[in-house]
Every structure is written in structure tokens, then in C-alpha cells.
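Dumped structure16.tsv below, it's TSV, C-alpha atoms:
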```tsv
chain	number	residue	atom	x	y	z
A	1	MET	CA	2.50	-2.64	30.41
A	2	SER	CA	4.91	-5.18	28.93
A	3	ALA	CA	6.26	-4.82	25.39
A	4	ILE	CA	3.97	-7.68	24.34
A	5	GLU	CA	0.85	-6.07	25.82
A	6	GLN	CA	1.88	-2.70	24.40
A	7	LEU	CA	2.20	-3.97	20.83
A	8	THR	CA	-0.96	-6.07	21.10
A	9	ALA	CA	-2.85	-2.92	22.17
A	10	GLU	CA	-1.37	-0.90	19.28
A	11	LEU	CA	-2.22	-3.58	16.71
A	12	ALA	CA	-5.76	-3.97	18.05
A	13	LYS	CA	-6.39	-0.31	17.13
A	14	LEU	CA	-6.05	-1.17	13.43
A	15	PRO	CA	-9.24	-1.71	11.43
A	16	GLY	CA	-10.39	-5.33	11.18
A	17	ILE	CA	-7.89	-6.48	13.81
A	18	GLY	CA	-9.39	-7.62	17.09
A	19	ARG	CA	-7.59	-8.55	20.29
A	20	LYS	CA	-7.13	-12.20	19.25
A	21	THR	CA	-5.64	-11.36	15.87
A	22	ALA	CA	-3.44	-8.71	17.52
A	23	THR	CA	-2.16	-11.33	19.97
A	24	ARG	CA	-1.53	-13.80	17.15
A	25	LEU	CA	0.41	-11.18	15.15
A	26	THR	CA	2.50	-10.19	18.18
A	27	PHE	CA	3.48	-13.80	18.87
A	28	HIS	CA	4.20	-14.30	15.18
A	29	LEU	CA	6.61	-11.36	15.32
A	30	LEU	CA	8.25	-12.78	18.44
A	31	LYS	CA	9.16	-15.90	16.46
A	32	GLN	CA	10.73	-13.94	13.59
A	33	PRO	CA	14.41	-12.99	13.36
A	34	ARG	CA	15.05	-9.57	14.91
A	35	GLY	CA	15.96	-8.08	11.52
A	36	THR	CA	12.56	-8.97	10.08
A	37	VAL	CA	10.72	-7.31	12.95
A	38	GLU	CA	12.91	-4.22	12.82
A	39	SER	CA	12.32	-3.75	9.11
A	40	LEU	CA	8.56	-3.68	9.79
A	41	ALA	CA	9.08	-1.09	12.54
A	42	ARG	CA	11.28	0.95	10.20
A	43	ALA	CA	8.74	0.81	7.35
A	44	ILE	CA	6.04	2.19	9.64
A	45	GLN	CA	8.35	4.88	11.03
A	46	THR	CA	9.36	5.88	7.48
A	47	LEU	CA	5.71	6.16	6.51
A	48	ALA	CA	5.11	8.52	9.44
A	49	GLU	CA	8.17	10.63	8.62
A	50	ARG	CA	8.15	10.88	4.86
A	51	ILE	CA	4.60	10.76	3.61
A	52	ALA	CA	2.39	13.84	3.41
A	53	PRO	CA	-0.51	14.86	1.15
A	54	CYS	CA	0.43	16.45	-2.18
A	55	SER	CA	-0.71	20.09	-1.94
A	56	THR	CA	-2.07	19.92	-5.50
A	57	CYS	CA	-4.02	16.67	-5.74
A	58	GLY	CA	-4.13	15.43	-2.14
A	59	ASN	CA	-2.45	12.10	-2.93
A	60	TYR	CA	-0.04	10.78	-0.28
A	61	SER	CA	3.49	11.30	-1.45
A	62	GLU	CA	7.12	11.58	-0.40
A	63	THR	CA	7.45	14.71	-2.57
A	64	ASP	CA	5.29	17.81	-3.05
A	65	PRO	CA	3.95	18.00	-5.72
A	66	CYS	CA	3.63	14.23	-6.02
A	67	SER	CA	5.19	12.23	-8.85
A	68	ILE	CA	1.86	12.00	-10.71
A	69	CYS	CA	1.27	15.78	-10.66
A	70	GLU	CA	4.87	16.30	-11.81
A	71	ASP	CA	4.79	13.70	-14.60
A	72	SER	CA	4.94	15.67	-17.86
A	73	ARG	CA	3.74	12.64	-19.88
A	74	ARG	CA	0.34	12.70	-18.19
A	75	ASP	CA	-2.68	14.41	-19.74
A	76	ARG	CA	-3.28	17.64	-17.79
A	77	ALA	CA	-6.66	18.19	-19.48
A	78	ILE	CA	-8.37	15.32	-17.60
A	79	LEU	CA	-8.87	15.24	-13.85
A	80	CYS	CA	-10.13	12.15	-12.04
A	81	VAL	CA	-11.82	12.92	-8.71
A	82	VAL	CA	-11.69	10.21	-6.04
A	83	GLU	CA	-12.72	9.99	-2.40
A	84	GLU	CA	-9.50	8.62	-0.96
A	85	ALA	CA	-5.85	8.20	-1.94
A	86	SER	CA	-6.39	4.44	-1.76
A	87	ASP	CA	-8.95	4.77	-4.60
A	88	LEU	CA	-6.35	6.66	-6.65
A	89	GLU	CA	-3.94	3.78	-6.01
A	90	ALA	CA	-6.55	1.29	-7.27
A	91	ILE	CA	-7.11	3.27	-10.47
A	92	GLU	CA	-3.36	3.56	-11.05
A	93	ARG	CA	-3.09	-0.22	-10.77
A	94	SER	CA	-5.66	-0.58	-13.57
A	95	GLY	CA	-3.19	1.24	-15.85
A	96	GLU	CA	-6.14	2.72	-17.77
A	97	PHE	CA	-5.89	6.34	-16.75
A	98	ARG	CA	-3.22	8.80	-17.90
A	99	GLY	CA	-4.65	12.08	-16.60
A	100	LEU	CA	-4.26	13.74	-13.20
A	101	TYR	CA	-6.16	13.17	-9.95
A	102	HIS	CA	-7.95	15.09	-7.25
A	103	VAL	CA	-8.45	13.43	-3.84
A	104	LEU	CA	-11.48	14.74	-1.92
A	105	GLY	CA	-10.60	13.19	1.42
A	106	GLY	CA	-13.95	11.43	1.83
A	107	HIS	CA	-17.56	11.77	0.74
A	108	LEU	CA	-20.50	13.96	1.78
A	109	SER	CA	-22.20	12.45	4.79
A	110	PRO	CA	-24.54	14.86	6.60
A	111	LEU	CA	-25.35	12.30	9.29
A	112	ASP	CA	-21.66	12.10	10.21
A	113	GLY	CA	-21.32	15.87	9.97
A	114	VAL	CA	-19.25	15.76	6.77
A	115	GLY	CA	-20.26	18.69	4.54
A	116	PRO	CA	-18.75	20.23	1.39
A	117	ASP	CA	-16.29	22.35	3.42
A	118	ASP	CA	-14.76	19.18	4.90
A	119	LEU	CA	-13.82	17.88	1.44
A	120	ARG	CA	-11.33	19.41	-1.00
A	121	ILE	CA	-14.09	20.71	-3.28
A	122	ASP	CA	-13.02	24.39	-3.25
A	123	ASP	CA	-9.52	23.28	-4.26
A	124	LEU	CA	-11.04	21.24	-7.09
A	125	PHE	CA	-12.99	24.27	-8.33
A	126	ARG	CA	-9.82	26.38	-8.40
A	127	ARG	CA	-7.94	23.65	-10.29
A	128	VAL	CA	-10.48	23.46	-13.11
A	129	GLU	CA	-11.53	27.14	-13.43
A	130	ASN	CA	-11.60	28.73	-16.87
A	131	GLY	CA	-8.10	29.08	-18.25
A	132	SER	CA	-6.77	26.07	-16.33
A	133	GLY	CA	-6.68	23.93	-19.46
A	134	VAL	CA	-8.78	21.18	-17.85
A	135	ARG	CA	-11.35	19.88	-20.36
A	136	GLU	CA	-12.88	16.99	-18.47
A	137	VAL	CA	-13.50	16.01	-14.85
A	138	ILE	CA	-14.20	12.33	-14.24
A	139	LEU	CA	-16.11	11.80	-10.98
A	140	ALA	CA	-14.79	8.50	-9.65
A	141	THR	CA	-16.32	8.60	-6.18
A	142	ASN	CA	-17.50	5.21	-4.94
A	143	PRO	CA	-20.67	3.67	-6.41
A	144	SER	CA	-22.33	3.92	-2.99
A	145	MET	CA	-25.15	6.25	-1.99
A	146	GLU	CA	-22.72	8.74	-0.41
A	147	GLY	CA	-20.46	8.54	-3.46
A	148	GLU	CA	-23.35	9.25	-5.81
A	149	VAL	CA	-24.55	12.17	-3.67
A	150	THR	CA	-21.03	13.58	-3.61
A	151	ALA	CA	-20.70	13.22	-7.40
A	152	THR	CA	-24.04	14.94	-7.95
A	153	TYR	CA	-23.08	17.78	-5.61
A	154	ILE	CA	-19.75	18.34	-7.38
A	155	ARG	CA	-21.54	18.21	-10.74
A	156	GLY	CA	-23.56	21.20	-9.52
A	157	VAL	CA	-20.54	23.10	-8.23
A	158	LEU	CA	-18.73	22.68	-11.56
A	159	ALA	CA	-21.75	23.62	-13.70
A	160	PRO	CA	-20.67	27.31	-14.11
A	161	VAL	CA	-17.31	26.16	-15.53
A	162	GLY	CA	-17.51	25.19	-19.18
A	163	LEU	CA	-16.11	21.68	-19.06
A	164	GLN	CA	-17.21	18.10	-19.47
A	165	VAL	CA	-18.11	16.33	-16.23
A	166	THR	CA	-18.35	12.53	-16.47
A	167	ARG	CA	-19.12	9.75	-14.01
A	168	ILE	CA	-17.36	6.37	-14.07
A	169	ALA	CA	-19.68	3.67	-15.36
A	170	LEU	CA	-21.53	1.48	-12.91
A	171	GLY	CA	-19.58	-1.54	-13.95
A	172	LEU	CA	-18.51	-1.50	-10.33
A	173	PRO	CA	-20.85	-3.45	-8.09
A	174	VAL	CA	-23.28	-0.97	-6.51
A	175	GLY	CA	-22.69	-0.58	-2.78
A	176	GLY	CA	-19.11	-1.78	-3.20
A	177	ASP	CA	-15.84	-0.04	-2.56
A	178	LEU	CA	-13.54	1.13	-5.34
A	179	GLU	CA	-10.49	0.28	-3.30
A	180	TYR	CA	-11.20	-3.45	-3.51
A	181	ALA	CA	-12.33	-3.69	-7.14
A	182	ASP	CA	-10.24	-5.73	-9.54
A	183	ARG	CA	-8.37	-3.93	-12.30
A	184	GLN	CA	-10.59	-5.21	-15.15
A	185	THR	CA	-13.71	-3.84	-13.49
A	186	ILE	CA	-12.00	-0.51	-12.94
A	187	ALA	CA	-10.76	-0.42	-16.53
A	188	GLN	CA	-14.29	-1.13	-17.84
A	189	ALA	CA	-15.82	1.47	-15.55
A	190	LEU	CA	-13.38	4.08	-16.84
A	191	ALA	CA	-13.88	3.20	-20.51
A	192	ALA	CA	-17.69	3.32	-20.23
A	193	ARG	CA	-17.82	6.62	-18.30
A	194	ARG	CA	-20.86	8.73	-19.17
A	195	GLU	CA	-21.59	12.43	-19.21
A	196	MET	CA	-23.46	13.64	-16.14
A	197	GLN	CA	-26.69	15.58	-16.64
B	1	MET	CA	10.23	1.30	-3.67
B	2	SER	CA	8.14	4.06	-2.07
B	3	ALA	CA	7.45	4.15	1.67
B	4	ILE	CA	3.88	3.05	0.93
B	5	GLU	CA	4.93	0.07	-1.18
B	6	GLN	CA	7.61	-0.81	1.36
B	7	LEU	CA	5.21	-0.95	4.29
B	8	THR	CA	2.56	-2.76	2.25
B	9	ALA	CA	5.16	-5.42	1.40
B	10	GLU	CA	6.22	-5.75	5.05
B	11	LEU	CA	2.63	-6.06	6.28
B	12	ALA	CA	1.77	-8.63	3.60
B	13	LYS	CA	4.42	-10.92	5.13
B	14	LEU	CA	2.32	-11.27	8.30
B	15	PRO	CA	0.13	-14.36	8.67
B	16	GLY	CA	-3.46	-13.91	7.48
B	17	ILE	CA	-2.70	-10.56	5.85
B	18	GLY	CA	-2.85	-10.54	2.06
B	19	ARG	CA	-1.88	-7.74	-0.30
B	20	LYS	CA	-5.31	-6.10	-0.16
B	21	THR	CA	-5.47	-6.05	3.62
B	22	ALA	CA	-1.88	-4.80	3.74
B	23	THR	CA	-2.82	-1.94	1.40
B	24	ARG	CA	-5.89	-1.13	3.48
B	25	LEU	CA	-3.82	-1.05	6.69
B	26	THR	CA	-1.17	1.17	5.12
B	27	PHE	CA	-3.75	3.70	3.95
B	28	HIS	CA	-5.43	3.54	7.34
B	29	LEU	CA	-2.10	4.46	8.95
B	30	LEU	CA	-1.64	7.32	6.46
B	31	LYS	CA	-4.86	8.86	7.76
B	32	GLN	CA	-3.81	8.65	11.41
B	33	PRO	CA	-1.98	11.40	13.32
B	34	ARG	CA	1.78	10.96	13.10
B	35	GLY	CA	2.02	10.24	16.84
B	36	THR	CA	-0.32	7.26	16.53
B	37	VAL	CA	1.71	5.75	13.72
B	38	GLU	CA	4.99	6.33	15.51
B	39	SER	CA	3.77	4.65	18.66
B	40	LEU	CA	2.98	1.52	16.60
B	41	ALA	CA	6.48	1.62	15.07
B	42	ARG	CA	7.97	2.08	18.53
B	43	ALA	CA	5.97	-0.82	20.00
B	44	ILE	CA	7.29	-3.14	17.28
B	45	GLN	CA	10.86	-1.89	17.69
B	46	THR	CA	10.63	-2.35	21.47
B	47	LEU	CA	9.41	-5.90	20.96
B	48	ALA	CA	12.45	-6.63	18.78
B	49	GLU	CA	14.85	-5.06	21.27
B	50	ARG	CA	13.57	-6.16	24.63
B	51	ILE	CA	11.92	-9.54	24.32
B	52	ALA	CA	13.87	-12.81	24.46
B	53	PRO	CA	13.00	-16.33	25.63
B	54	CYS	CA	13.36	-17.01	29.36
B	55	SER	CA	16.29	-19.44	29.70
B	56	THR	CA	14.33	-21.45	32.28
B	57	CYS	CA	10.83	-21.88	30.88
B	58	GLY	CA	11.12	-20.58	27.31
B	59	ASN	CA	8.42	-17.93	27.74
B	60	TYR	CA	9.03	-14.61	25.96
B	61	SER	CA	10.06	-12.01	28.49
B	62	GLU	CA	11.80	-8.70	29.05
B	63	THR	CA	13.75	-10.24	31.92
B	64	ASP	CA	15.63	-13.53	32.37
B	65	PRO	CA	14.36	-15.43	34.25
B	66	CYS	CA	10.85	-14.24	33.38
B	67	SER	CA	8.45	-12.76	35.93
B	68	ILE	CA	6.54	-16.04	36.23
B	69	CYS	CA	9.67	-18.10	36.98
B	70	GLU	CA	10.74	-15.46	39.52
B	71	ASP	CA	7.37	-15.15	41.25
B	72	SER	CA	7.84	-16.63	44.75
B	73	ARG	CA	4.05	-16.92	45.24
B	74	ARG	CA	3.75	-19.52	42.46
B	75	ASP	CA	3.74	-23.25	43.17
B	76	ARG	CA	7.12	-24.63	42.09
B	77	ALA	CA	5.94	-28.23	42.45
B	78	ILE	CA	3.69	-28.10	39.38
B	79	LEU	CA	4.94	-27.55	35.82
B	80	CYS	CA	2.60	-26.94	32.91
B	81	VAL	CA	4.07	-27.93	29.53
B	82	VAL	CA	2.81	-26.01	26.48
B	83	GLU	CA	3.75	-25.96	22.80
B	84	GLU	CA	4.08	-22.20	22.38
B	85	ALA	CA	4.41	-19.07	24.50
B	86	SER	CA	1.05	-17.95	23.12
B	87	ASP	CA	-0.53	-21.03	24.74
B	88	LEU	CA	1.06	-20.03	28.05
B	89	GLU	CA	-0.47	-16.58	27.63
B	90	ALA	CA	-3.91	-18.14	27.06
B	91	ILE	CA	-3.60	-20.25	30.23
B	92	GLU	CA	-2.47	-17.22	32.24
B	93	ARG	CA	-5.55	-15.35	31.05
B	94	SER	CA	-7.74	-18.14	32.46
B	95	GLY	CA	-6.34	-17.28	35.90
B	96	GLU	CA	-6.67	-20.95	36.90
B	97	PHE	CA	-3.04	-22.01	37.10
B	98	ARG	CA	-0.57	-20.96	39.79
B	99	GLY	CA	2.37	-23.24	39.00
B	100	LEU	CA	5.27	-22.74	36.59
B	101	TYR	CA	5.49	-23.36	32.84
B	102	HIS	CA	7.68	-25.05	30.28
B	103	VAL	CA	7.44	-23.98	26.64
B	104	LEU	CA	8.43	-26.70	24.16
B	105	GLY	CA	8.67	-24.45	21.12
B	106	GLY	CA	6.32	-26.57	18.99
B	107	HIS	CA	5.13	-30.16	18.71
B	108	LEU	CA	6.56	-33.38	17.28
B	109	SER	CA	5.93	-33.53	13.55
B	110	PRO	CA	8.05	-36.13	11.74
B	111	LEU	CA	6.65	-35.12	8.34
B	112	ASP	CA	7.93	-31.57	8.88
B	113	GLY	CA	11.22	-32.88	10.25
B	114	VAL	CA	10.47	-31.79	13.83
B	115	GLY	CA	11.85	-34.42	16.22
B	116	PRO	CA	12.38	-34.51	20.01
B	117	ASP	CA	15.73	-32.72	19.71
B	118	ASP	CA	14.02	-29.73	18.11
B	119	LEU	CA	11.81	-29.20	21.18
B	120	ARG	CA	12.91	-28.23	24.69
B	121	ILE	CA	12.32	-31.77	26.01
B	122	ASP	CA	15.85	-32.34	27.40
B	123	ASP	CA	15.52	-29.07	29.29
B	124	LEU	CA	12.19	-30.27	30.68
B	125	PHE	CA	13.75	-33.52	31.86
B	126	ARG	CA	16.48	-31.62	33.69
B	127	ARG	CA	13.94	-29.32	35.33
B	128	VAL	CA	11.91	-32.17	36.81
B	129	GLU	CA	14.66	-34.67	37.71
B	130	ASN	CA	14.65	-36.24	41.17
B	131	GLY	CA	15.46	-33.66	43.80
B	132	SER	CA	14.00	-30.76	41.78
B	133	GLY	CA	10.93	-30.60	44.00
B	134	VAL	CA	8.56	-30.92	41.03
B	135	ARG	CA	5.68	-33.25	41.91
B	136	GLU	CA	3.43	-32.95	38.88
B	137	VAL	CA	3.84	-32.20	35.18
B	138	ILE	CA	0.67	-31.14	33.36
B	139	LEU	CA	0.93	-31.79	29.63
B	140	ALA	CA	-1.01	-28.94	28.03
B	141	THR	CA	-0.01	-29.48	24.42
B	142	ASN	CA	-2.81	-28.78	21.96
B	143	PRO	CA	-5.68	-31.31	21.64
B	144	SER	CA	-4.59	-32.03	18.06
B	145	MET	CA	-3.01	-35.22	16.73
B	146	GLU	CA	0.49	-33.72	16.95
B	147	GLY	CA	-0.21	-32.41	20.44
B	148	GLU	CA	-1.37	-35.83	21.61
B	149	VAL	CA	1.66	-37.54	20.07
B	150	THR	CA	3.94	-35.00	21.73
B	151	ALA	CA	2.23	-35.53	25.11
B	152	THR	CA	2.52	-39.31	24.81
B	153	TYR	CA	6.19	-39.04	23.87
B	154	ILE	CA	6.97	-36.78	26.84
B	155	ARG	CA	5.01	-39.13	29.14
B	156	GLY	CA	7.48	-41.86	28.08
B	157	VAL	CA	10.53	-39.66	28.59
B	158	LEU	CA	9.41	-38.71	32.11
B	159	ALA	CA	8.49	-42.27	33.12
B	160	PRO	CA	11.84	-42.94	34.89
B	161	VAL	CA	11.28	-39.87	37.10
B	162	GLY	CA	8.95	-40.55	40.00
B	163	LEU	CA	6.33	-37.85	39.46
B	164	GLN	CA	2.75	-37.46	38.44
B	165	VAL	CA	2.21	-36.70	34.75
B	166	THR	CA	-1.25	-35.42	33.83
B	167	ARG	CA	-2.93	-34.34	30.61
B	168	ILE	CA	-5.34	-31.41	30.40
B	169	ALA	CA	-8.91	-32.62	29.93
B	170	LEU	CA	-10.39	-32.75	26.46
B	171	GLY	CA	-12.86	-30.08	27.32
B	172	LEU	CA	-11.11	-28.23	24.51
B	173	PRO	CA	-12.61	-28.96	21.11
B	174	VAL	CA	-10.52	-31.71	19.51
B	175	GLY	CA	-8.55	-30.43	16.53
B	176	GLY	CA	-8.71	-26.90	17.92
B	177	ASP	CA	-5.97	-24.58	19.04
B	178	LEU	CA	-5.39	-23.72	22.68
B	179	GLU	CA	-4.38	-20.20	21.77
B	180	TYR	CA	-7.92	-19.33	20.67
B	181	ALA	CA	-9.90	-21.10	23.38
B	182	ASP	CA	-11.99	-19.02	25.75
B	183	ARG	CA	-10.98	-18.80	29.39
B	184	GLN	CA	-13.87	-20.92	30.72
B	185	THR	CA	-12.94	-23.82	28.45
B	186	ILE	CA	-9.32	-23.54	29.51
B	187	ALA	CA	-10.29	-23.37	33.18
B	188	GLN	CA	-12.46	-26.51	32.81
B	189	ALA	CA	-9.75	-28.35	30.95
B	190	LEU	CA	-7.26	-27.59	33.71
B	191	ALA	CA	-9.61	-28.56	36.52
B	192	ALA	CA	-10.53	-31.89	34.89
B	193	ARG	CA	-6.95	-32.91	34.06
B	194	ARG	CA	-6.38	-36.67	34.29
B	195	GLU	CA	-3.42	-38.87	35.05
B	196	MET	CA	-1.72	-40.24	31.95
B	197	GLN	CA	-1.24	-44.03	31.73
```

Would you encode the structure as C-alpha cells?
Amino acid sequence: MSAIEQLTAELAKLPGIGRKTATRLTFHLLKQPRGTVESLARAIQTLAERIAPCSTCGNYSETDPCSICEDSRRDRAILCVVEEASDLEAIERSGEFRGLYHVLGGHLSPLDGVGPDDLRIDDLFRRVENGSGVREVILATNPSMEGEVTATYIRGVLAPVGLQVTRIALGLPVGGDLEYADRQTIAQALAARREMQ
Amino acid sequence: MSAIEQLTAELAKLPGIGRKTATRLTFHLLKQPRGTVESLARAIQTLAERIAPCSTCGNYSETDPCSICEDSRRDRAILCVVEEASDLEAIERSGEFRGLYHVLGGHLSPLDGVGPDDLRIDDLFRRVENGSGVREVILATNPSMEGEVTATYIRGVLAPVGLQVTRIALGLPVGGDLEYADRQTIAQALAARREMQ
């Protein structure tokens, strides 16, 4: 396989990129100065080498614990639970949340064989147990059916622990994806969070 | 800048990829096994290192001359002139052309300051001069206004040389882009090529 075919095949593996787009991107890169192309290669290589999940919150990070978990100015009494690190990123961009995070690594999806043991729910329980100092857990899973089911399940798991469990407000469009929401919507959804029954 | 921000910025420089898509791709890569991510980085690096334009036809290649120019089974009497190497690739995929190519590196576009000297038109003239053995030049520039203007201009340049100059048939949708045409359309357009007046 030639270098052109090789890269086209690699790019076509990415989500939302078909063979035609992959070909277009490859030929675009061919027209760029070598330095430009190499800095893209380097950025991808660096990502592979340096980034790993934070052992506390599950966020991708170059350090362990991550810079958010280590930040002494953040409120350690509030934990925001999200499905994916990309959701955490979206909430950080809103600038409305100053607590800590917990990344589940997905949502419950029995049809796809994803059960509670496949998500970081046990870790969450240990982080918020009595004596941990955590007063509130905000469930910021996506406003989709799976996200709601996951939130409800976690609500049940955390019931024995005496803390407040809230759900972000459905200011987010139902069926949507937190990752793509604009920062105002996210800010509103956080401000209007409600206690889960 | 973190490795995540760095890669997102690099990806957002690619055509058709905005900041949101770049973020999505970066987080997709974070979820992949390290080997997968590294093979993408390697494919891009290899592209930067190994690929350069063929000094004869202008096609991107790992060798100089390229494998098409070197292929003794191809018909050296017919030259197909295209705007970009990606157009050449599209014609090759149609499997309908067994001659050689000449990549111009763009089309005439006075408004963008692209004149004849910016394209490989002199090189083309030298390749087809009397005694070269070339009998026919197929002008396969895009069926856009610029492509037509470029074809007409080259027709004039080649007039003093005693050879046949043809234009691919307008089976391609006018205003479209050769790079994205399907192989049947390209095959038809090649078969129905007509002599230029």
C-alpha cells in the first residue's frame, strides 16, 4: 500500500469521515508545507504518548491526578458526573462549574451489553461515601433515554449515602448530546438543576 | 497548550473540519487503543517524508519518476492533462485510461492571481513537442468556468504542435468537481471525448 492509500485508510477509520473525505484530506495534506504536516503527526503522536485517564475522576490528562482534581481552588464538596471526558470539556467551557468531576466512561445500555460494572459507578460510590466531604452529586449524563436511565440508576446506588443528588435541568434539547451544546445552554442547565426523587 | 488542545488546533486547520468536529475527533482518538492512534500519526509522518511530486508528470509519488510514468505497459502517445493530482487519482480509479498524465497544479484564475506561469504549462509543451511521440493530449481540467478557460488556453498554446487535442466530454455535471465524480461518469466522459476546435 502506498503512503497515500495508507493514510487515506487510516483517516477513513475516523467517525464521520468516509473514503471521499479521507481522500480529500490526504490530498490537502500533500499540498501543505512539510512542517505543517509533521506538526499534525506530532500532535497525534503526543496525544498517544502523554494522555491517560486520571485515576481519580477519569478525565483524560497528562498528569495523574489531573489538573482539575489537583486544583485547590475548586469546591471538593460538589461532584459532577458525566458520561464522557468530552462532556466534562464542554462543561468546563461553560465556566459555570467550580466543583470536581467524575467520568463514567459511557451510559447504561443493556442492548449493547453495557451494564453498571462497565461504568465507573463503584469508583463514584467510594468517592462520595460518608466522611468524604462530598455534599452534592450533580448527575450530568446526557438528556437522552440512556442518560436518564443511567442517572436514575446512580440515584438509586447513592441513596444509602446521605447526600444531595441533583440532575442538570432539561434546558438541553432532549435527545441531544451534551458535547455539542452551546455554553449558554449548559450554564442554564447547571443553574436550574433539580433534586432527584 | 495541552496535548488535547494542540491536536484539536491542528485538526481544525484541515478543510471542512471546524472546532467542534476537531474536538470530537480528538476525543475519539483518546478512546482508541494507543496502537491505532500511533498508526495514524505514522501514516501522516510517512506522507510528509516520502511523497513528492513526480518531476515528469507532477503526480504525488514515493518514487521519481512515478510508477505511472515508469509503467512500460502504458500508452506513451496519449497524455491526459488534469488540474490536480487528486483528479488523476479519480481517473485512475475509473480504470478507463491507459495513457500518461500531466498535472497542472491548478487552473487559470486571473482574479486570484493565477496565470499560465503558475501552472505546469511550459513543462507540458516540452513533453509534447514534435518528436516526443505524443499523438493526443486529452484536456481533463474540471468542467467549471476556470477549467474551461484553462483548457481553451492550453489548446492555443499547443496549436503550433501537430497533435490532436481533445476535451473530456461534458458527461460530468457542469460546475462540479472531477475529484468527486463517480467512476461511471468519468468513464463516459473519457469515452465521449471530443476534438477541440

>> Based on all atoms listed in the file, which of the residues in chain A come within 7 Å of chain B? I want them as a ChimeraX atom specification.
In response: /A:3-4,6-7,10,27,34,37-38,40-48,86

>> Env of range 76-82 of chain B: 10 Å cut, atoms = all atoms listed in the file, seq-sep filter 5 positions within chain, self excluded. Answer as number ranges by chain.
In response: B: 57-59, 69, 71, 87-88, 91, 97-107, 121, 124, 127-128, 132-142, 147, 151, 154, 164-168, 178, 190

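The spacing separating CA of Glu148 in chain B from CA of Pro110 in chain B amounts to 13.6 Å.
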
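CA of Asp117 in chain B to CA of Gly131 in chain B spans 24.1 Å [interatomic distance, one decimal].
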
>> Between CA of Ala169 in chain B and CA of Ala191 in chain B, what distance in Å does the model show, to one decimal?
In response: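 Computing the Euclidean distance for CA of Ala169 in chain B and CA of Ala191 in chain B yields 7.8 Å.
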